[in-house]
Amino acid sequence: MADLTTKLGSLTLKNPVMTASGTFGYGREYASFYPLNSLGAIVVKGISPFPHHGNPVPRICETASGMMNAIGLQNPGVEDFIRKDEYLPFLIREKATVIVNIWGKSISDYCKVAERLDCVEGIAALEINISCPNIKEGGIAFGTDLGQAAKVVSQIRKVTRRLPLITKLSPNVTRISDFAKCVVDAGSDMVSLINTFTAMAIDIETRKPKIANVYAGLSGACIKPIAVRMVYEVAKAVNVPVIGMGGIFSAADAIEFFLAGADAVAVGTANFIDPMASMNILNGISEYLDAHGYNSISELIGNLNL
Amino acid sequence: MFTEKAEILSNKNLKGDYYQVDFYSPKIAENARAGQFAHVQIGNMEAHILRRPFSIFDTRKDGTLSIVYKAVGHGTKVLSEMKYRDICDILGPQGNAYTPATENIYPVIVVGGYGAAAAYMLAKEAKIKGKLLIGARTKEDLILIDNYKELGFEVEIATEDGSMGRKGLVTELLSPYLNRKNSMIYACGPNGMMYAVAKLARANDSICEVSLDHPMCCGVGACFACVVKVYDKKKESWVYARSCKEGPVFNSKDIFIE
């Protein structure tokens, strides 16, 4: 069987399949379907220094080959996340590799949550969310302005001594590779991409937006070709590990991302449709490597036949 | 919670746009309780990717899981065209169930439209056969009345257009049953109706459970799409609770009414 061990800088994962933040809760809901430590990592739903209600409902709607969401980063806040049994303690008991997605309304919020988590055992890395399109302050405001992106990442870097930093990039920019280079220069150890596309849908009978927040993030199979293109561009532009995601529903989808240059992948929307999705994709990758005579996943990465 | 590739045993029209589909889904059927739902991935849906949540209407010991639905959107229309032996992937049973109506409880079931389906198992298992108050816009939207009558429930009807029963809202039938000793109100229907029932119950100190939901996504509690406002622990403010996990059945005292 091919070796799936995945090295992302100083972070070593048993395999390259993670869950995308916001699509897997805090792991607990999926633990009855398969052991959480069978995946490369569990990336938990975004955590802020304070508890946050999130947006009014409706928060989701279906679109052609995808969906839109504007959950608005509802979360229990960093202290409850660390202490309450249902969150981090549960994931530690399950021996899951935990990556915590973090966000705030200001740079000082981001630093607060990063600094707090940096000294907590049981966390493998932080993913800086500068790309959520669904909150009024923070999130994407930092991810669509090169100056702000550099500033938030470099400030977080200063207060984070131990944990590797992943910056999650927004696709809602003209040239995503510029943002990748910018956050790497600012101290990010790697990048993950893509977050959702800012989108909108309207109910023509009520003439109301289908999502209470009006704007929402588009995800699912419909965004995959754009995600693959962006991963390809970013992987060429930076010399750090790249985590690819965006509409991965099958092992074949994931393999496209590896060939485009992703060192690891994350499964998002697919988890909502099939709770076993991430696990099935992992098994499918392994079967593909064996069937095609690869000895390790690393042989596949960037191995595009141009 | 289980996932089953469930074969359709039958899929029949009840009246108008209303259908009953029976699946062979033994694990979900065996574990289902009244008020819970099944999260169904309907086959042949092409670009429509999400699962659809349906209240569980009935189960049988032979592994039959029944759902009653109205063919209104794309998913339910595709479902209505599915045939014997077609397969759907079902996740369930999921969500918080109604408190069973034991020998000490006189159940007053208040339903709107196909909400009648969600409370049927509760009625079936109720030790005392109580009242069904059923309302709809018009008589075409009244379903399952005979099923409740066969169980021994007394039925009172309200329609908004007066085409059957009393003209008006089903909540107007509720007042004689508020604050009655040993009775409990169980409600399922549109959210507006649920909040109206909950308000009446609270104002009269009646014990009441309502079934609430919002557009749902994962159905397992991970995505936080289907949230409803409930009181926080100190009863001072509200927090969002997941209708797929903490709900869909909530005690009327716990929900936050604006």
# chains A, B, ... in the order shown; residues from 1 in each chain; ligands from 1
$ select_by_dssp --residues "segment 23-76 of chain B" --states "strand (DSSP E or B)" --output "list in words"
Phe23, Tyr24, Phe37, Ala38, His39, Val40, Gln41, Arg52, Pro53, Phe54, Ser55, Asp58, Thr59, Thr64, Leu65, Ser66, Ile67, Val68, Tyr69 and Lys70 of chain B
$ residues_around --residues "Gly147 of chain A" --least-positions-apart "2" --cutoff "12 Å" --atoms "only C-alpha atoms" --output "short mmCIF file (atom, residue, chain, number, x, y, z; two decimals) with N, CA and C atoms, in the first residue's frame"
data_model
loop_
_atom_site.label_atom_id
_atom_site.label_comp_id
_atom_site.auth_asym_id
_atom_site.auth_seq_id
_atom_site.Cartn_x
_atom_site.Cartn_y
_atom_site.Cartn_z
N ALA A 141 -12.53 40.89 5.06
CA ALA A 141 -11.95 42.24 4.98
C ALA A 141 -10.43 42.16 5.04
N PHE A 142 -9.92 41.16 5.76
CA PHE A 142 -8.47 40.99 5.85
C PHE A 142 -7.92 40.20 4.66
N GLY A 143 -8.80 39.47 4.00
CA GLY A 143 -8.33 38.55 2.96
C GLY A 143 -8.40 39.10 1.57
N THR A 144 -8.93 40.32 1.42
CA THR A 144 -9.04 40.89 0.08
C THR A 144 -8.23 42.18 -0.06
N ASP A 145 -7.39 42.42 0.92
CA ASP A 145 -6.53 43.61 0.90
C ASP A 145 -5.13 43.15 1.30
N ALA A 149 -3.92 41.80 4.95
CA ALA A 149 -3.56 40.38 5.06
C ALA A 149 -2.16 40.25 5.67
N ALA A 150 -1.23 41.04 5.16
CA ALA A 150 0.15 40.99 5.67
C ALA A 150 0.18 41.37 7.15
N LYS A 151 -0.60 42.39 7.48
CA LYS A 151 -0.58 42.90 8.85
C LYS A 151 -1.12 41.86 9.84
N VAL A 152 -2.27 41.27 9.51
CA VAL A 152 -2.87 40.33 10.46
C VAL A 152 -1.97 39.10 10.63
N VAL A 153 -1.41 38.61 9.53
CA VAL A 153 -0.57 37.41 9.63
C VAL A 153 0.72 37.71 10.41
N SER A 154 1.34 38.84 10.12
CA SER A 154 2.61 39.12 10.82
C SER A 154 2.38 39.35 12.31
N ASP A 178 -0.94 36.47 -5.49
CA ASP A 178 -0.38 37.64 -4.80
C ASP A 178 -0.63 37.55 -3.30
N PHE A 179 -1.82 37.09 -2.94
CA PHE A 179 -2.17 36.96 -1.52
C PHE A 179 -1.38 35.82 -0.88
N CYS A 182 2.06 37.10 -0.27
CA CYS A 182 2.00 38.12 0.76
C CYS A 182 1.92 37.52 2.16
N VAL A 183 1.06 36.50 2.35
CA VAL A 183 0.94 35.93 3.70
C VAL A 183 2.14 35.05 4.04
N ASP A 185 5.22 35.71 3.04
CA ASP A 185 6.23 36.72 3.42
C ASP A 185 5.98 37.23 4.84
N ALA A 186 4.71 37.28 5.23
CA ALA A 186 4.35 37.80 6.55
C ALA A 186 4.53 36.76 7.65
#
$ residues_around --residues "Thr97 of chain A" --least-positions-apart "6" --cutoff "7 Å" --atoms "only C-alpha atoms" --output "number ranges by chain"
A: 37, 40-42, 124
$ interface_residues --of "chain A" --to "chain B" --cutoff "6 Å" --atoms "only C-alpha atoms" --output "ChimeraX atom specification"
/A:23-25,59,64-65,272-273
$ closest_residue --among "A:Ser177, A:Ile285, A:Glu86, A:Val234" --to "Leu146 of chain A" --atoms "only C-alpha atoms"
A:Ser177
$ residues_around --residues "Pro171 of chain A" --least-positions-apart "5" --cutoff "12 Å" --atoms "only C-alpha atoms" --output "count of residues only"
35
$ residues_around --residues "segment 61-75 of chain B" --least-positions-apart "6" --cutoff "8 Å" --atoms "only C-alpha atoms" --output "list in words"
Asp17, Tyr18, Tyr19, Gln20, Val21, Asp22, Phe23, Tyr24, Ser25, Pro26, Lys27, Ile28, Ala29, Glu30, Ile42, Met45, His48, Arg52, Phe54, Ser55, Tyr114 and Ala117 of chain B
$ write_last_selection --atoms "N, CA, C and O atoms" --output "mmCIF file, in the first residue's frame"
data_model
loop_
_atom_site.group_PDB
_atom_site.id
_atom_site.type_symbol
_atom_site.label_atom_id
_atom_site.label_comp_id
_atom_site.auth_asym_id
_atom_site.auth_seq_id
_atom_site.Cartn_x
_atom_site.Cartn_y
_atom_site.Cartn_z
ATOM 1 N N ASP B 17 -51.457 16.883 -3.862
ATOM 2 C CA ASP B 17 -49.997 16.812 -3.950
ATOM 3 C C ASP B 17 -49.377 15.963 -2.836
ATOM 4 O O ASP B 17 -48.165 15.964 -2.667
ATOM 5 N N TYR B 18 -50.200 15.300 -2.052
ATOM 6 C CA TYR B 18 -49.677 14.563 -0.886
ATOM 7 C C TYR B 18 -49.441 13.093 -1.211
ATOM 8 O O TYR B 18 -50.266 12.446 -1.851
ATOM 9 N N TYR B 19 -48.309 12.609 -0.740
ATOM 10 C CA TYR B 19 -47.900 11.230 -1.015
ATOM 11 C C TYR B 19 -47.434 10.550 0.266
ATOM 12 O O TYR B 19 -47.001 11.204 1.220
ATOM 13 N N GLN B 20 -47.497 9.225 0.246
ATOM 14 C CA GLN B 20 -46.855 8.439 1.299
ATOM 15 C C GLN B 20 -45.861 7.501 0.651
ATOM 16 O O GLN B 20 -46.223 6.726 -0.244
ATOM 17 N N VAL B 21 -44.614 7.559 1.107
ATOM 18 C CA VAL B 21 -43.614 6.618 0.608
ATOM 19 C C VAL B 21 -43.205 5.701 1.757
ATOM 20 O O VAL B 21 -42.981 6.158 2.877
ATOM 21 N N ASP B 22 -43.174 4.402 1.457
ATOM 22 C CA ASP B 22 -42.702 3.423 2.439
ATOM 23 C C ASP B 22 -41.352 2.890 1.975
ATOM 24 O O ASP B 22 -41.209 2.455 0.829
ATOM 25 N N PHE B 23 -40.385 2.966 2.882
ATOM 26 C CA PHE B 23 -39.051 2.436 2.587
ATOM 27 C C PHE B 23 -38.820 1.162 3.397
ATOM 28 O O PHE B 23 -39.375 1.017 4.496
ATOM 29 N N TYR B 24 -37.961 0.292 2.890
ATOM 30 C CA TYR B 24 -37.450 -0.778 3.744
ATOM 31 C C TYR B 24 -36.160 -0.247 4.362
ATOM 32 O O TYR B 24 -35.134 -0.136 3.696
ATOM 33 N N SER B 25 -36.246 0.116 5.623
ATOM 34 C CA SER B 25 -35.119 0.764 6.306
ATOM 35 C C SER B 25 -35.116 0.291 7.758
ATOM 36 O O SER B 25 -35.475 1.022 8.682
ATOM 37 N N PRO B 26 -34.753 -0.998 7.951
ATOM 38 C CA PRO B 26 -35.022 -1.647 9.244
ATOM 39 C C PRO B 26 -34.350 -0.991 10.452
ATOM 40 O O PRO B 26 -34.965 -0.880 11.507
ATOM 41 N N LYS B 27 -33.115 -0.521 10.294
ATOM 42 C CA LYS B 27 -32.421 0.037 11.469
ATOM 43 C C LYS B 27 -33.055 1.354 11.883
ATOM 44 O O LYS B 27 -33.255 1.614 13.072
ATOM 45 N N ILE B 28 -33.338 2.190 10.894
ATOM 46 C CA ILE B 28 -33.929 3.499 11.215
ATOM 47 C C ILE B 28 -35.345 3.292 11.751
ATOM 48 O O ILE B 28 -35.742 3.906 12.733
ATOM 49 N N ALA B 29 -36.095 2.375 11.125
ATOM 50 C CA ALA B 29 -37.464 2.110 11.579
ATOM 51 C C ALA B 29 -37.475 1.610 13.021
ATOM 52 O O ALA B 29 -38.286 2.046 13.843
ATOM 53 N N GLU B 30 -36.535 0.742 13.344
ATOM 54 C CA GLU B 30 -36.521 0.160 14.689
ATOM 55 C C GLU B 30 -36.211 1.198 15.760
ATOM 56 O O GLU B 30 -36.693 1.119 16.888
ATOM 57 N N ILE B 42 -32.372 11.893 -2.058
ATOM 58 C CA ILE B 42 -33.232 11.364 -3.107
ATOM 59 C C ILE B 42 -32.369 11.080 -4.337
ATOM 60 O O ILE B 42 -31.545 11.908 -4.712
ATOM 61 N N MET B 45 -31.132 13.161 -8.641
ATOM 62 C CA MET B 45 -31.350 14.580 -8.390
ATOM 63 C C MET B 45 -30.361 15.475 -9.110
ATOM 64 O O MET B 45 -30.438 16.695 -9.022
ATOM 65 N N HIS B 48 -29.066 18.872 -7.811
ATOM 66 C CA HIS B 48 -29.623 19.196 -6.485
ATOM 67 C C HIS B 48 -28.996 18.261 -5.462
ATOM 68 O O HIS B 48 -29.369 17.104 -5.355
ATOM 69 N N ARG B 52 -32.839 15.923 2.003
ATOM 70 C CA ARG B 52 -34.078 16.559 2.431
ATOM 71 C C ARG B 52 -34.548 15.921 3.732
ATOM 72 O O ARG B 52 -34.661 14.690 3.786
ATOM 73 N N PHE B 54 -37.323 14.800 6.381
ATOM 74 C CA PHE B 54 -38.757 14.506 6.446
ATOM 75 C C PHE B 54 -39.085 13.961 7.833
ATOM 76 O O PHE B 54 -38.373 13.084 8.334
ATOM 77 N N SER B 55 -40.188 14.447 8.398
ATOM 78 C CA SER B 55 -40.674 13.858 9.641
ATOM 79 C C SER B 55 -40.985 12.399 9.385
ATOM 80 O O SER B 55 -41.498 12.046 8.322
ATOM 81 N N TYR B 114 -49.227 19.229 6.549
ATOM 82 C CA TYR B 114 -48.649 17.890 6.686
ATOM 83 C C TYR B 114 -47.902 17.689 7.999
ATOM 84 O O TYR B 114 -47.298 16.653 8.227
ATOM 85 N N ALA B 117 -48.406 14.456 9.815
ATOM 86 C CA ALA B 117 -47.578 13.260 9.679
ATOM 87 C C ALA B 117 -46.613 13.105 10.849
ATOM 88 O O ALA B 117 -46.381 11.999 11.343
#
$ residues_around --residues "Asp146 of chain B" --least-positions-apart "3" --cutoff "12 Å" --atoms "only C-alpha atoms" --output "JSON, numbers by chain"
{"B": [14, 116, 120, 132, 134, 142, 143, 149, 150, 151, 152, 153, 154, 155, 156]}
$ residues_around --residues "Asp263 of chain A" --least-positions-apart "6" --cutoff "12 Å" --atoms "only C-alpha atoms" --output "VMD selection string"
chain A and resid 4 to 9 11 to 13 15 to 18 40 190 to 193 231 to 232 234 to 235 239 to 245 254 to 257 296 to 303
$ atom_distance --atom1 "atom CA of Ser243 of chain B" --atom2 "atom CA of Pro58 of chain A"
12.5 Å
$ atom_distance --atom1 "atom CA of Pro76 of chain A" --atom2 "atom CA of Phe50 of chain A"
7.3 Å
$ closest_residue --among "B:Leu173, B:Ile207, B:Leu9, B:Met164" --to "Lys83 of chain B" --atoms "only C-alpha atoms"
B:Leu9
$ select_by_dssp --residues "segment 193-294 of chain A" --states "alpha helix (DSSP H)" --output "MDAnalysis selection string"
chainID A and resid 224:237 251:260 270:273 277:291
$ atom_distance --atom1 "atom CA of Ala136 of chain B" --atom2 "atom CA of Asp213 of chain B"
18.5 Å
$ closest_residue --among "A:Ser21, A:Ser10, A:Ser32, A:Thr160" --to "Ile99 of chain A" --atoms "only C-alpha atoms"
A:Ser21
